[in-house]
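Engineer: Handing over target_36.csv, CSV, C-alpha atoms.
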```csv
chain,number,residue,atom,x,y,z
E,1082,MET,CA,-21.7,2.7,0.4
E,1083,LYS,CA,-20.0,-0.5,-0.7
E,1084,PHE,CA,-18.0,-2.8,1.6
E,1085,ALA,CA,-15.7,-5.5,0.4
E,1086,VAL,CA,-15.1,-8.5,2.8
E,1087,ILE,CA,-11.8,-10.3,3.0
E,1088,ALA,CA,-11.9,-13.4,5.2
E,1089,ASN,CA,-10.7,-17.0,5.4
E,1090,PRO,CA,-13.8,-19.2,5.0
E,1091,GLN,CA,-11.9,-22.1,6.6
E,1092,LYS,CA,-11.9,-20.2,9.9
E,1093,TYR,CA,-15.2,-20.9,11.5
E,1094,SER,CA,-14.8,-17.8,13.8
E,1095,VAL,CA,-15.5,-15.5,10.8
E,1096,LYS,CA,-18.9,-16.9,10.1
E,1097,LYS,CA,-20.9,-15.1,12.8
E,1098,PRO,CA,-19.5,-11.6,12.2
E,1099,PHE,CA,-19.9,-12.2,8.4
E,1100,ILE,CA,-23.5,-13.1,8.7
E,1101,GLU,CA,-24.0,-10.2,11.1
E,1102,LEU,CA,-22.5,-7.8,8.6
E,1103,LEU,CA,-24.8,-9.1,5.9
E,1104,ASN,CA,-27.9,-8.8,8.1
E,1105,TRP,CA,-26.9,-5.3,9.1
E,1106,ALA,CA,-26.4,-4.3,5.4
E,1107,ASP,CA,-29.8,-5.8,4.5
E,1108,ASP,CA,-31.4,-3.4,6.9
E,1109,HIS,CA,-29.6,-0.4,5.4
E,1110,LYS,CA,-30.6,-0.2,1.8
E,1111,ALA,CA,-27.8,2.1,0.8
E,1112,VAL,CA,-25.2,-0.5,1.7
E,1113,ASP,CA,-23.8,-3.4,-0.5
E,1114,VAL,CA,-21.4,-6.1,0.7
E,1115,ILE,CA,-19.1,-7.5,-2.0
E,1116,PHE,CA,-17.2,-10.7,-1.5
E,1117,CYS,CA,-15.7,-13.6,-3.5
E,1118,GLU,CA,-17.4,-16.9,-4.2
E,1119,GLU,CA,-15.6,-18.8,-1.5
E,1120,LEU,CA,-17.4,-16.9,1.2
E,1121,GLN,CA,-20.9,-18.0,0.0
E,1122,GLU,CA,-20.6,-21.2,1.9
E,1123,LEU,CA,-20.7,-19.3,5.1
E,1124,TYR,CA,-24.4,-18.3,4.8
E,1125,ASN,CA,-25.8,-21.6,3.4
E,1126,GLY,CA,-27.6,-19.9,0.4
E,1127,ASP,CA,-29.8,-17.6,2.5
E,1128,GLU,CA,-31.2,-14.6,0.7
E,1129,HIS,CA,-29.2,-11.4,1.4
E,1130,PRO,CA,-30.3,-8.4,-0.8
E,1131,SER,CA,-27.1,-6.6,0.1
E,1132,ALA,CA,-24.8,-9.4,-1.1
E,1133,ILE,CA,-22.8,-9.0,-4.3
E,1134,VAL,CA,-20.7,-12.1,-5.2
E,1135,VAL,CA,-17.7,-11.7,-7.5
E,1136,GLU,CA,-15.0,-14.1,-8.8
E,1137,ASN,CA,-12.1,-13.0,-6.6
E,1138,GLU,CA,-11.0,-10.7,-3.8
E,1139,GLN,CA,-9.3,-8.2,-6.1
E,1140,GLN,CA,-12.6,-7.6,-7.9
E,1141,ALA,CA,-14.3,-7.0,-4.6
E,1142,ILE,CA,-11.6,-4.5,-3.5
E,1143,ASP,CA,-11.8,-2.7,-6.8
E,1144,GLN,CA,-15.6,-2.1,-6.5
E,1145,ALA,CA,-15.6,-1.2,-2.8
E,1146,ASP,CA,-15.3,2.1,-0.9
E,1147,ILE,CA,-14.2,0.4,2.3
E,1148,ILE,CA,-12.5,-3.0,2.9
E,1149,ILE,CA,-13.6,-5.1,6.0
E,1150,ALA,CA,-11.1,-7.7,7.0
E,1151,ILE,CA,-12.6,-10.3,9.3
E,1152,GLY,CA,-10.2,-12.6,11.2
E,1153,GLY,CA,-6.9,-12.0,13.0
E,1154,ASP,CA,-3.5,-10.5,12.2
E,1155,GLY,CA,-2.9,-13.2,9.6
E,1156,THR,CA,-6.0,-11.9,7.6
E,1157,MET,CA,-4.7,-8.3,8.1
E,1158,LEU,CA,-1.3,-9.2,6.7
E,1159,TYR,CA,-3.0,-11.0,3.7
E,1160,THR,CA,-5.2,-8.0,3.1
E,1161,ALA,CA,-2.1,-5.7,3.3
E,1162,ARG,CA,-0.5,-7.7,0.5
E,1163,LEU,CA,-3.6,-7.3,-1.7
E,1164,MET,CA,-3.7,-3.6,-1.0
E,1165,LYS,CA,-0.2,-2.3,-0.7
E,1166,ASN,CA,-0.7,0.1,-3.6
E,1167,ILE,CA,-4.5,0.8,-3.1
E,1168,PRO,CA,-5.3,3.7,-0.7
E,1169,LYS,CA,-8.7,2.5,0.4
E,1170,PRO,CA,-9.5,2.3,4.1
E,1171,ILE,CA,-9.5,-1.1,5.9
E,1172,LEU,CA,-11.6,-2.0,9.0
E,1173,GLY,CA,-10.0,-4.9,10.8
E,1174,VAL,CA,-12.6,-7.0,12.8
E,1175,ASN,CA,-10.9,-9.3,15.2
E,1176,SER,CA,-12.6,-12.7,15.3
E,1177,GLY,CA,-9.4,-14.5,16.4
E,1178,ARG,CA,-7.3,-14.3,19.5
E,1179,LEU,CA,-4.9,-11.3,19.8
E,1180,GLY,CA,-5.3,-9.2,16.7
E,1181,PHE,CA,-3.1,-6.1,17.2
E,1182,MET,CA,-4.0,-4.7,13.8
E,1183,ALA,CA,-7.7,-5.7,13.9
E,1184,TYR,CA,-8.8,-2.9,16.3
E,1185,THR,CA,-12.5,-3.7,16.3
E,1186,GLN,CA,-13.8,-6.7,18.3
E,1187,LYS,CA,-16.5,-8.7,16.6
E,1188,GLU,CA,-18.9,-7.7,19.4
E,1189,GLN,CA,-18.4,-4.1,18.4
E,1190,LEU,CA,-19.2,-4.7,14.7
E,1191,PRO,CA,-22.7,-3.0,14.5
E,1192,LYS,CA,-21.5,0.1,16.2
E,1193,ALA,CA,-18.4,0.2,13.9
E,1194,LEU,CA,-20.6,-0.1,10.8
E,1195,HIS,CA,-22.7,2.8,11.9
E,1196,SER,CA,-19.5,4.9,12.3
E,1197,LEU,CA,-18.4,3.9,8.8
E,1198,LEU,CA,-21.7,4.9,7.4
E,1199,ASP,CA,-21.6,8.3,9.1
E,1200,GLY,CA,-18.0,8.9,8.2
E,1201,LYS,CA,-16.9,9.0,11.8
E,1202,TYR,CA,-13.5,7.4,11.8
E,1203,ARG,CA,-9.8,8.3,11.4
E,1204,ILE,CA,-7.1,6.8,9.2
E,1205,ASP,CA,-4.1,5.2,10.8
E,1206,LYS,CA,-1.6,5.0,7.9
E,1207,ARG,CA,0.9,2.2,8.3
E,1208,TYR,CA,3.9,1.9,6.0
E,1209,LEU,CA,5.6,-1.3,4.8
E,1210,LEU,CA,9.2,-2.2,4.7
E,1211,GLU,CA,10.9,-3.3,1.5
E,1212,ALA,CA,13.9,-5.5,1.0
E,1213,GLU,CA,15.7,-5.6,-2.4
E,1214,ASP,CA,18.1,-8.5,-3.1
E,1215,GLN,CA,21.2,-8.4,-5.3
E,1216,GLU,CA,19.1,-9.5,-8.3
E,1217,GLY,CA,16.7,-6.5,-7.9
E,1218,THR,CA,13.8,-8.5,-6.6
E,1219,ILE,CA,11.8,-6.5,-4.1
E,1220,TYR,CA,9.9,-8.1,-1.1
E,1221,HIS,CA,7.4,-6.2,1.1
E,1222,ALA,CA,6.5,-6.7,4.7
E,1223,LEU,CA,4.1,-5.0,6.9
E,1224,ASN,CA,5.3,-6.8,10.0
E,1225,GLU,CA,8.9,-8.1,9.6
E,1226,PHE,CA,11.6,-9.8,7.6
E,1227,LEU,CA,13.1,-12.9,9.2
E,1228,PHE,CA,16.4,-14.7,8.7
E,1229,SER,CA,16.2,-18.0,10.6
E,1230,LYS,CA,17.6,-21.5,10.9
E,1231,LYS,CA,15.8,-24.4,9.3
E,1232,ASP,CA,16.6,-27.0,11.9
E,1233,SER,CA,16.5,-26.9,15.7
E,1234,THR,CA,20.2,-27.6,16.4
E,1235,SER,CA,22.2,-25.0,14.7
E,1236,MET,CA,22.5,-21.2,14.8
E,1237,VAL,CA,22.8,-18.9,11.8
E,1238,LYS,CA,25.5,-16.2,11.2
E,1239,VAL,CA,24.1,-13.0,9.7
E,1240,HIS,CA,26.1,-9.9,8.8
E,1241,ALA,CA,24.5,-6.5,9.2
E,1242,GLU,CA,25.5,-3.0,8.0
E,1243,TYR,CA,23.6,0.3,8.3
E,1244,ASP,CA,24.2,3.2,6.0
E,1245,ASP,CA,27.5,1.5,4.9
E,1246,MET,CA,28.6,1.2,8.5
E,1247,PHE,CA,29.3,-2.3,10.0
E,1248,ILE,CA,27.0,-3.2,12.9
E,1249,ASN,CA,27.7,-6.8,13.8
E,1250,ASP,CA,28.0,-10.4,12.8
E,1251,TYR,CA,25.1,-12.0,14.6
E,1252,TRP,CA,25.3,-15.6,15.9
E,1253,ALA,CA,21.7,-16.4,16.8
E,1254,ASP,CA,18.7,-18.6,16.2
E,1255,GLY,CA,17.6,-15.9,13.8
E,1256,LEU,CA,17.4,-12.2,13.0
E,1257,ILE,CA,14.2,-10.0,12.9
E,1258,VAL,CA,13.9,-6.7,11.0
E,1259,ALA,CA,10.6,-5.3,12.1
E,1260,SER,CA,8.5,-2.3,11.2
E,1261,PRO,CA,6.7,-0.3,14.0
E,1262,THR,CA,3.6,-2.3,13.1
E,1263,GLY,CA,5.5,-5.5,13.4
E,1264,SER,CA,7.0,-4.5,16.7
E,1265,THR,CA,4.1,-6.1,18.5
E,1266,ALA,CA,4.4,-9.4,16.6
E,1267,TYR,CA,7.4,-11.8,16.5
E,1268,ASN,CA,9.7,-8.9,17.7
E,1269,LEU,CA,7.7,-8.6,20.9
E,1270,SER,CA,7.8,-12.3,21.5
E,1271,SER,CA,11.6,-12.1,21.2
E,1272,ASN,CA,11.9,-9.3,23.8
E,1273,GLY,CA,12.1,-6.5,21.3
E,1274,PRO,CA,10.7,-3.0,22.0
E,1275,ILE,CA,7.2,-1.8,21.2
E,1276,VAL,CA,7.4,1.1,18.7
E,1277,MET,CA,4.6,3.6,18.1
E,1278,PRO,CA,3.1,3.2,14.6
E,1279,ASN,CA,4.2,5.8,12.0
E,1280,THR,CA,7.6,6.2,13.7
E,1281,ASP,CA,10.2,6.3,10.9
E,1282,VAL,CA,12.3,3.5,12.3
E,1283,MET,CA,12.8,-0.3,12.1
E,1284,VAL,CA,13.9,-2.7,14.7
E,1285,LEU,CA,16.9,-5.1,14.3
E,1286,ASN,CA,16.4,-7.8,16.8
E,1287,PRO,CA,18.5,-11.1,17.2
E,1288,ILE,CA,16.6,-14.2,18.3
E,1289,ASN,CA,18.4,-15.9,21.2
E,1290,PRO,CA,21.8,-14.5,20.4
E,1291,HIS,CA,24.9,-16.4,21.3
E,1292,THR,CA,26.3,-13.3,23.1
E,1293,LEU,CA,24.2,-12.1,26.0
E,1294,THR,CA,25.3,-8.5,25.6
E,1295,THR,CA,23.8,-8.4,22.1
E,1296,ARG,CA,20.5,-6.4,22.2
E,1297,PRO,CA,17.9,-5.1,19.8
E,1298,LEU,CA,18.6,-1.9,17.8
E,1299,VAL,CA,16.2,0.8,16.7
E,1300,LEU,CA,17.3,2.4,13.5
E,1301,PRO,CA,15.9,5.1,11.2
E,1302,SER,CA,14.2,3.5,8.3
E,1303,ASN,CA,15.1,6.2,5.7
E,1304,LYS,CA,18.5,4.7,5.1
E,1305,SER,CA,19.5,1.2,4.0
E,1306,LEU,CA,20.1,-1.7,6.4
E,1307,LYS,CA,22.1,-4.4,4.6
E,1308,ILE,CA,21.8,-8.0,5.7
E,1309,ARG,CA,24.0,-10.6,4.2
E,1310,VAL,CA,23.9,-14.4,4.7
E,1311,ASN,CA,27.0,-16.3,3.5
E,1312,GLU,CA,26.9,-20.0,2.8
E,1313,GLN,CA,26.7,-22.1,5.9
E,1314,ASP,CA,26.7,-25.8,6.9
E,1315,HIS,CA,22.9,-25.7,7.1
E,1316,GLU,CA,20.1,-24.1,5.3
E,1317,VAL,CA,19.0,-20.5,6.2
E,1318,LEU,CA,15.4,-19.3,5.6
E,1319,PHE,CA,14.4,-15.8,4.6
E,1320,SER,CA,10.8,-14.9,5.0
E,1321,TYR,CA,8.6,-11.8,4.7
E,1322,ASP,CA,5.5,-11.7,6.8
E,1323,GLY,CA,5.6,-15.4,7.1
E,1324,ARG,CA,6.1,-16.1,3.4
E,1325,ILE,CA,9.2,-18.1,2.8
E,1326,LYS,CA,11.7,-17.5,0.0
E,1327,GLU,CA,14.1,-20.3,-0.7
E,1328,ILE,CA,17.7,-19.1,-0.8
E,1329,ASP,CA,19.2,-20.9,-3.7
E,1330,SER,CA,22.6,-19.1,-4.0
E,1331,TYR,CA,25.0,-17.5,-1.6
E,1332,PRO,CA,25.9,-14.9,-0.5
E,1333,PHE,CA,22.3,-13.8,-0.2
E,1334,GLU,CA,22.0,-10.0,0.5
E,1335,VAL,CA,19.1,-7.7,0.9
E,1336,ALA,CA,18.9,-3.9,1.5
E,1337,ILE,CA,16.0,-3.0,3.8
E,1338,ARG,CA,14.4,0.4,4.2
E,1339,ARG,CA,11.0,2.0,4.5
E,1340,SER,CA,8.7,1.4,1.5
E,1341,ASN,CA,6.6,4.0,-0.3
E,1342,PHE,CA,3.7,1.6,0.0
E,1343,THR,CA,1.2,2.1,2.9
E,1344,ILE,CA,-2.1,0.7,4.0
E,1345,ASN,CA,-4.9,2.8,5.6
E,1346,LEU,CA,-6.3,1.2,8.8
E,1347,ILE,CA,-9.6,2.6,10.2
E,1348,GLU,CA,-9.5,3.8,13.8
E,1349,LEU,CA,-12.9,4.6,15.3
E,1350,PRO,CA,-13.4,7.6,17.6
E,1351,GLU,CA,-13.3,5.6,20.8
E,1352,GLN,CA,-10.2,3.6,19.7
E,1353,SER,CA,-6.5,4.4,20.1
E,1354,TYR,CA,-3.2,2.5,19.8
E,1355,PHE,CA,-2.6,2.7,23.5
E,1356,ASP,CA,-6.1,1.4,24.2
E,1357,THR,CA,-5.2,-1.6,22.1
E,1358,LEU,CA,-2.0,-2.2,23.9
E,1359,ARG,CA,-3.7,-2.0,27.3
E,1360,HIS,CA,-6.5,-4.4,26.1
E,1361,LYS,CA,-4.3,-6.9,24.3
E,1362,LEU,CA,-1.3,-6.9,26.7
E,1363,MET,CA,-3.5,-6.5,29.8
E,1364,TRP,CA,-1.5,-3.5,31.0
E,1365,GLY,CA,-2.5,-2.3,34.5
E,1366,MET,CA,-4.4,-5.5,35.2
E,1367,ASP,CA,-3.4,-6.9,38.6
E,1368,SER,CA,-4.9,-9.9,40.3
E,1369,ARG,CA,-4.4,-8.2,43.6
E,1370,ASN,CA,-7.1,-5.7,42.7
E,1371,ARG,CA,-9.8,-8.2,41.9
E,1372,ASP,CA,-12.8,-8.5,44.2
```
Could you render the structure from this file as C-alpha cells?

Structural biologist:
Amino acid sequence: MKFAVIANPQKYSVKKPFIELLNWADDHKAVDVIFCEELQELYNGDEHPSAIVVENEQQAIDQADIIIAIGGDGTMLYTARLMKNIPKPILGVNSGRLGFMAYTQKEQLPKALHSLLDGKYRIDKRYLLEAEDQEGTIYHALNEFLFSKKDSTSMVKVHAEYDDMFINDYWADGLIVASPTGSTAYNLSSNGPIVMPNTDVMVLNPINPHTLTTRPLVLPSNKSLKIRVNEQDHEVLFSYDGRIKEIDSYPFEVAIRRSNFTINLIELPEQSYFDTLRHKLMWGMDSRNRD
C-alpha cells in the first residue's frame, strides 16, 4: 500500500506525526510513504526505507492509494483543492487545534494506520460548491464563499436571488455562502446553523447585518443562488476557502450551486460526525459535573 503525505513543513506540529508515520511504515514492509522534497527537512536525513521522495505533491498523489493530510483544516482545504477531481480517499490527521475535517487525532495515528492497512474504514463523501462569474470563470469551495468589506469602518451591500426569486439586499459586514462542510467554519463563528454533511443544501449567512431581523437561510443547493455586488464607495473582497479574488469591475455577479466535484474523507469504525461535534465543541461538558 502506498500513502502520500500532504503537510506544511513550516508547521512544527506536523513533524512528530510525520516521523511516526515513517517509522510505522518502516516496520510494515508492504507500505511506502510518498512525499515531496520540502518534507525531507522534517526528518533530518535519517534513513527510512519506506520513504519515496518526489518533486511535488501532485506526483505523490498520483502514485498513492491513500492520501494522508497532516495538519488542521487549512491543510485539509489545501488538499481538497489538489484533489477535487481525484476520487482517492483522504485521512485527515489533526496536529493543529480544532480540525473539524481532520477526524483522526495525532495520538490515534498508529491505530488509524492499521485500520487503513486492513481496509477497515468508511468513505465520507463531501461535495464542493462552485461559483461561476459573468465571464464564465468557475471557483470552487469546500467550506465557503465570502463577500466582505476590506476596511473596518464600512458595510457592504450585497444583492441575493435564489432560483430567479429576489431574497434580499443585505447591508452587513459580509455575506457567507457555506456548504454543509463549511457550516462548522466561519458560518458557525457567525452564528450560523450546523448542517449535517452530504445534505443537499447551502447556508446563506450575513455577518453582523444592519437589520437585526435578518437571519441565516438554508437553501437547496441544486438550484442557483445569484449574488451580485454593485460598485460601492469602498472595496469589496470575494474569497473562496480563504483565497481572495480581486474584483476589478462592477457589477460583480456569481451563480453558486453544488459542484459535481467531491472529496472522499476517511472515517474510521469508531468515528462519526456527531462524535466529532461533541469532542470539538465540547457538547455535554459541564463544569458542574467535575469531581

Engineer: Do you know which residues are at most 10 Å from Arg1178 (chain E) counting only C-alpha atoms, after dropping those on the same chain fewer than 6 positions away, and could you put them as a PyMOL selection string?

Structural biologist: chain E and resi 1152-1154+1361

Engineer: Using C-alpha atoms, can you export the residues from the last selection as a short mmCIF file (atom, residue, chain, number, x, y, z; two decimals), keeping the file's coordinate frame?

Structural biologist:
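The resulting file, out.cif, is reproduced below:
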```cif
data_model
loop_
_atom_site.label_atom_id
_atom_site.label_comp_id
_atom_site.auth_asym_id
_atom_site.auth_seq_id
_atom_site.Cartn_x
_atom_site.Cartn_y
_atom_site.Cartn_z
CA GLY E 1152 -10.20 -12.60 11.20
CA GLY E 1153 -6.90 -12.00 13.00
CA ASP E 1154 -3.50 -10.50 12.20
CA LYS E 1361 -4.30 -6.90 24.30
#
```

Engineer: Excluding Lys1238 (chain E) and any residue of its chain fewer than 2 positions from it, enumerate the residues within 9 Å of it, using all atoms listed in the file, and give them as a list in words.

Structural biologist: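 The contact residues come out as Met1236, His1240, Asp1250, Tyr1251, Trp1252, Ala1253, Asp1254, Gly1255, Val1310, Asn1311 and Gln1313 of chain E.
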
Engineer: Compare E:Asp1199, E:Glu1118, E:Asp1205, E:Asp1232 by their minimum atom-to-atom distance to Met1277 (chain E), counting all atoms listed in the file, and give me the closest one.

Structural biologist: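 The answer is E:Asp1205, which sits nearest to Met1277 (chain E).
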
Engineer: Excluding region 1342-1349 of chain E and any residue of its chain fewer than 2 positions from it, enumerate the residues within 9 Å of it, using all atoms listed in the file, and give them as a PyMOL selection string.

Structural biologist: chain E and resi 1161+1164-1173+1182-1185+1193+1196-1197+1201-1211+1221+1223+1339-1340+1351-1354

Engineer: I'd like the interatomic distance between CA of Glu1213 (chain E) and CA of Glu1334 (chain E), to a tenth of an Å.

Structural biologist: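 The value is 8.2 Å.
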
Engineer: Anything within 12 Å of (29.3, -6.6, 15.2): list those residues as a list in words, counting all atoms listed in the file and sticking to the file's coordinates.

Structural biologist: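 Checked against the point, the hits come out as Lys1238, Val1239, His1240, Ala1241, Glu1242, Tyr1243, Met1246, Phe1247, Ile1248, Asn1249, Asp1250, Tyr1251, Trp1252, Pro1287, Thr1292, Thr1294, Thr1295, Arg1296 and Leu1298 of chain E.
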
Engineer: Between E:Tyr1321, E:Ile1149, E:Phe1333, E:Ile1100, which is the closest to Asn1125 (chain E) once you count only C-alpha atoms?

Structural biologist: E:Ile1100

Engineer: Leaving out Tyr1124 (chain E) and any residue of its chain fewer than 3 positions from it, which residues lie within 10 Å of it when counting only C-alpha atoms, given as a PyMOL selection string?

Structural biologist: chain E and resi 1096-1097+1099-1100+1103+1120-1121+1127-1129

Engineer: Which is closest to Ser1271 (chain E) among E:Lys1304, E:Leu1102, E:Asn1289, E:Gln1144, if we use all atoms listed in the file?

Structural biologist: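 Closest candidate: E:Asn1289.
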
Engineer: Check the smallest atom-to-atom distance from each of E:Leu1227, E:Glu1316, E:Leu1362, E:Asn1279 to Ile1337 (chain E) using all atoms listed in the file, then report the winner.

Structural biologist: E:Leu1227

Engineer: Can you measure CA of Lys1231 (chain E) to CA of Ile1257 (chain E) for me? One decimal in Å is fine.

Structural biologist: 14.9 Å

Engineer: Grab the CA of Ala1106 (chain E) to CA of Ile1147 (chain E) distance for me, in Å with one decimal place.

Structural biologist: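 Separation between CA of Ala1106 (chain E) and CA of Ile1147 (chain E): 13.4 Å.
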
Engineer: What's the 12 Å shell around Lys1083 (chain E), counting only C-alpha atoms, without same-chain residues fewer than 5 positions away, as a ChimeraX atom specification?

Structural biologist: /E:1103,1106,1109-1116,1131-1133,1141-1149,1169-1170,1194,1197-1198

Engineer: Could you write those residues out with C-alpha atoms, as a compact mmCIF listing (two decimals), in the coordinates of the input?

Structural biologist:
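Saved the output as out-v7.txt:
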```
# COMPACT_ATOMS: atom_id res chain seq x y z
CA LEU E 1103 -24.80 -9.10 5.90
CA ALA E 1106 -26.40 -4.30 5.40
CA HIS E 1109 -29.60 -0.40 5.40
CA LYS E 1110 -30.60 -0.20 1.80
CA ALA E 1111 -27.80 2.10 0.80
CA VAL E 1112 -25.20 -0.50 1.70
CA ASP E 1113 -23.80 -3.40 -0.50
CA VAL E 1114 -21.40 -6.10 0.70
CA ILE E 1115 -19.10 -7.50 -2.00
CA PHE E 1116 -17.20 -10.70 -1.50
CA SER E 1131 -27.10 -6.60 0.10
CA ALA E 1132 -24.80 -9.40 -1.10
CA ILE E 1133 -22.80 -9.00 -4.30
CA ALA E 1141 -14.30 -7.00 -4.60
CA ILE E 1142 -11.60 -4.50 -3.50
CA ASP E 1143 -11.80 -2.70 -6.80
CA GLN E 1144 -15.60 -2.10 -6.50
CA ALA E 1145 -15.60 -1.20 -2.80
CA ASP E 1146 -15.30 2.10 -0.90
CA ILE E 1147 -14.20 0.40 2.30
CA ILE E 1148 -12.50 -3.00 2.90
CA ILE E 1149 -13.60 -5.10 6.00
CA LYS E 1169 -8.70 2.50 0.40
CA PRO E 1170 -9.50 2.30 4.10
CA LEU E 1194 -20.60 -0.10 10.80
CA LEU E 1197 -18.40 3.90 8.80
CA LEU E 1198 -21.70 4.90 7.40
```

Engineer: Check the smallest atom-to-atom distance from each of E:Glu1136, E:Asn1104, E:Gly1273, E:Ala1150 to Asn1089 (chain E) using only C-alpha atoms, then report the winner.

Structural biologist: E:Ala1150

Engineer: Which of these residues is nearest to Leu1300 (chain E), using only C-alpha atoms: E:Ser1320, E:Val1095, E:Pro1261, E:Asp1356?

Structural biologist: E:Pro1261

Engineer: With N, CA, C and O atoms as the goal, would you fill in the gaps in region 1105-1118 of chain E and present it as a PDB file, in the coordinates of the input?

Structural biologist:
```pdb
ATOM      1  N   TRP E1105     -26.948  -6.711   8.824  1.00  0.00           N
ATOM      2  CA  TRP E1105     -26.900  -5.300   9.100  1.00  0.00           C
ATOM      3  C   TRP E1105     -27.084  -4.517   7.734  1.00  0.00           C
ATOM      4  O   TRP E1105     -27.857  -3.555   7.636  1.00  0.00           O
ATOM      5  N   ALA E1106     -26.348  -4.959   6.721  1.00  0.00           N
ATOM      6  CA  ALA E1106     -26.400  -4.300   5.400  1.00  0.00           C
ATOM      7  C   ALA E1106     -27.796  -4.463   4.775  1.00  0.00           C
ATOM      8  O   ALA E1106     -28.298  -3.549   4.099  1.00  0.00           O
ATOM      9  N   ASP E1107     -28.449  -5.616   4.993  1.00  0.00           N
ATOM     10  CA  ASP E1107     -29.800  -5.800   4.500  1.00  0.00           C
ATOM     11  C   ASP E1107     -30.771  -4.792   5.040  1.00  0.00           C
ATOM     12  O   ASP E1107     -31.734  -4.392   4.368  1.00  0.00           O
ATOM     13  N   ASP E1108     -30.529  -4.369   6.270  1.00  0.00           N
ATOM     14  CA  ASP E1108     -31.400  -3.400   6.900  1.00  0.00           C
ATOM     15  C   ASP E1108     -31.059  -1.956   6.551  1.00  0.00           C
ATOM     16  O   ASP E1108     -31.771  -1.028   6.936  1.00  0.00           O
ATOM     17  N   HIS E1109     -29.978  -1.770   5.826  1.00  0.00           N
ATOM     18  CA  HIS E1109     -29.600  -0.400   5.400  1.00  0.00           C
ATOM     19  C   HIS E1109     -29.441  -0.459   3.875  1.00  0.00           C
ATOM     20  O   HIS E1109     -28.425  -0.889   3.325  1.00  0.00           O
ATOM     21  N   LYS E1110     -30.483  -0.028   3.211  1.00  0.00           N
ATOM     22  CA  LYS E1110     -30.600  -0.200   1.800  1.00  0.00           C
ATOM     23  C   LYS E1110     -29.532   0.415   0.947  1.00  0.00           C
ATOM     24  O   LYS E1110     -29.313   0.048  -0.212  1.00  0.00           O
ATOM     25  N   ALA E1111     -28.829   1.389   1.508  1.00  0.00           N
ATOM     26  CA  ALA E1111     -27.800   2.100   0.800  1.00  0.00           C
ATOM     27  C   ALA E1111     -26.438   1.376   0.855  1.00  0.00           C
ATOM     28  O   ALA E1111     -25.421   1.910   0.420  1.00  0.00           O
ATOM     29  N   VAL E1112     -26.421   0.170   1.432  1.00  0.00           N
ATOM     30  CA  VAL E1112     -25.200  -0.500   1.700  1.00  0.00           C
ATOM     31  C   VAL E1112     -25.130  -1.846   0.884  1.00  0.00           C
ATOM     32  O   VAL E1112     -26.082  -2.622   0.921  1.00  0.00           O
ATOM     33  N   ASP E1113     -24.032  -2.084   0.174  1.00  0.00           N
ATOM     34  CA  ASP E1113     -23.800  -3.400  -0.500  1.00  0.00           C
ATOM     35  C   ASP E1113     -22.560  -4.009   0.126  1.00  0.00           C
ATOM     36  O   ASP E1113     -21.617  -3.333   0.559  1.00  0.00           O
ATOM     37  N   VAL E1114     -22.580  -5.336   0.149  1.00  0.00           N
ATOM     38  CA  VAL E1114     -21.400  -6.100   0.700  1.00  0.00           C
ATOM     39  C   VAL E1114     -20.926  -6.991  -0.466  1.00  0.00           C
ATOM     40  O   VAL E1114     -21.649  -7.857  -0.966  1.00  0.00           O
ATOM     41  N   ILE E1115     -19.681  -6.768  -0.852  1.00  0.00           N
ATOM     42  CA  ILE E1115     -19.100  -7.500  -2.000  1.00  0.00           C
ATOM     43  C   ILE E1115     -18.067  -8.468  -1.474  1.00  0.00           C
ATOM     44  O   ILE E1115     -17.237  -8.145  -0.621  1.00  0.00           O
ATOM     45  N   PHE E1116     -18.106  -9.685  -1.993  1.00  0.00           N
ATOM     46  CA  PHE E1116     -17.200 -10.700  -1.500  1.00  0.00           C
ATOM     47  C   PHE E1116     -17.021 -11.772  -2.604  1.00  0.00           C
ATOM     48  O   PHE E1116     -17.846 -11.884  -3.532  1.00  0.00           O
ATOM     49  N   CYS E1117     -15.972 -12.566  -2.478  1.00  0.00           N
ATOM     50  CA  CYS E1117     -15.700 -13.600  -3.500  1.00  0.00           C
ATOM     51  C   CYS E1117     -16.524 -14.841  -3.246  1.00  0.00           C
ATOM     52  O   CYS E1117     -17.099 -15.034  -2.169  1.00  0.00           O
ATOM     53  N   GLU E1118     -16.533 -15.695  -4.235  1.00  0.00           N
ATOM     54  CA  GLU E1118     -17.400 -16.900  -4.200  1.00  0.00           C
ATOM     55  C   GLU E1118     -17.154 -17.793  -3.052  1.00  0.00           C
ATOM     56  O   GLU E1118     -18.087 -18.435  -2.551  1.00  0.00           O
TER      57      GLU E1118
END
```
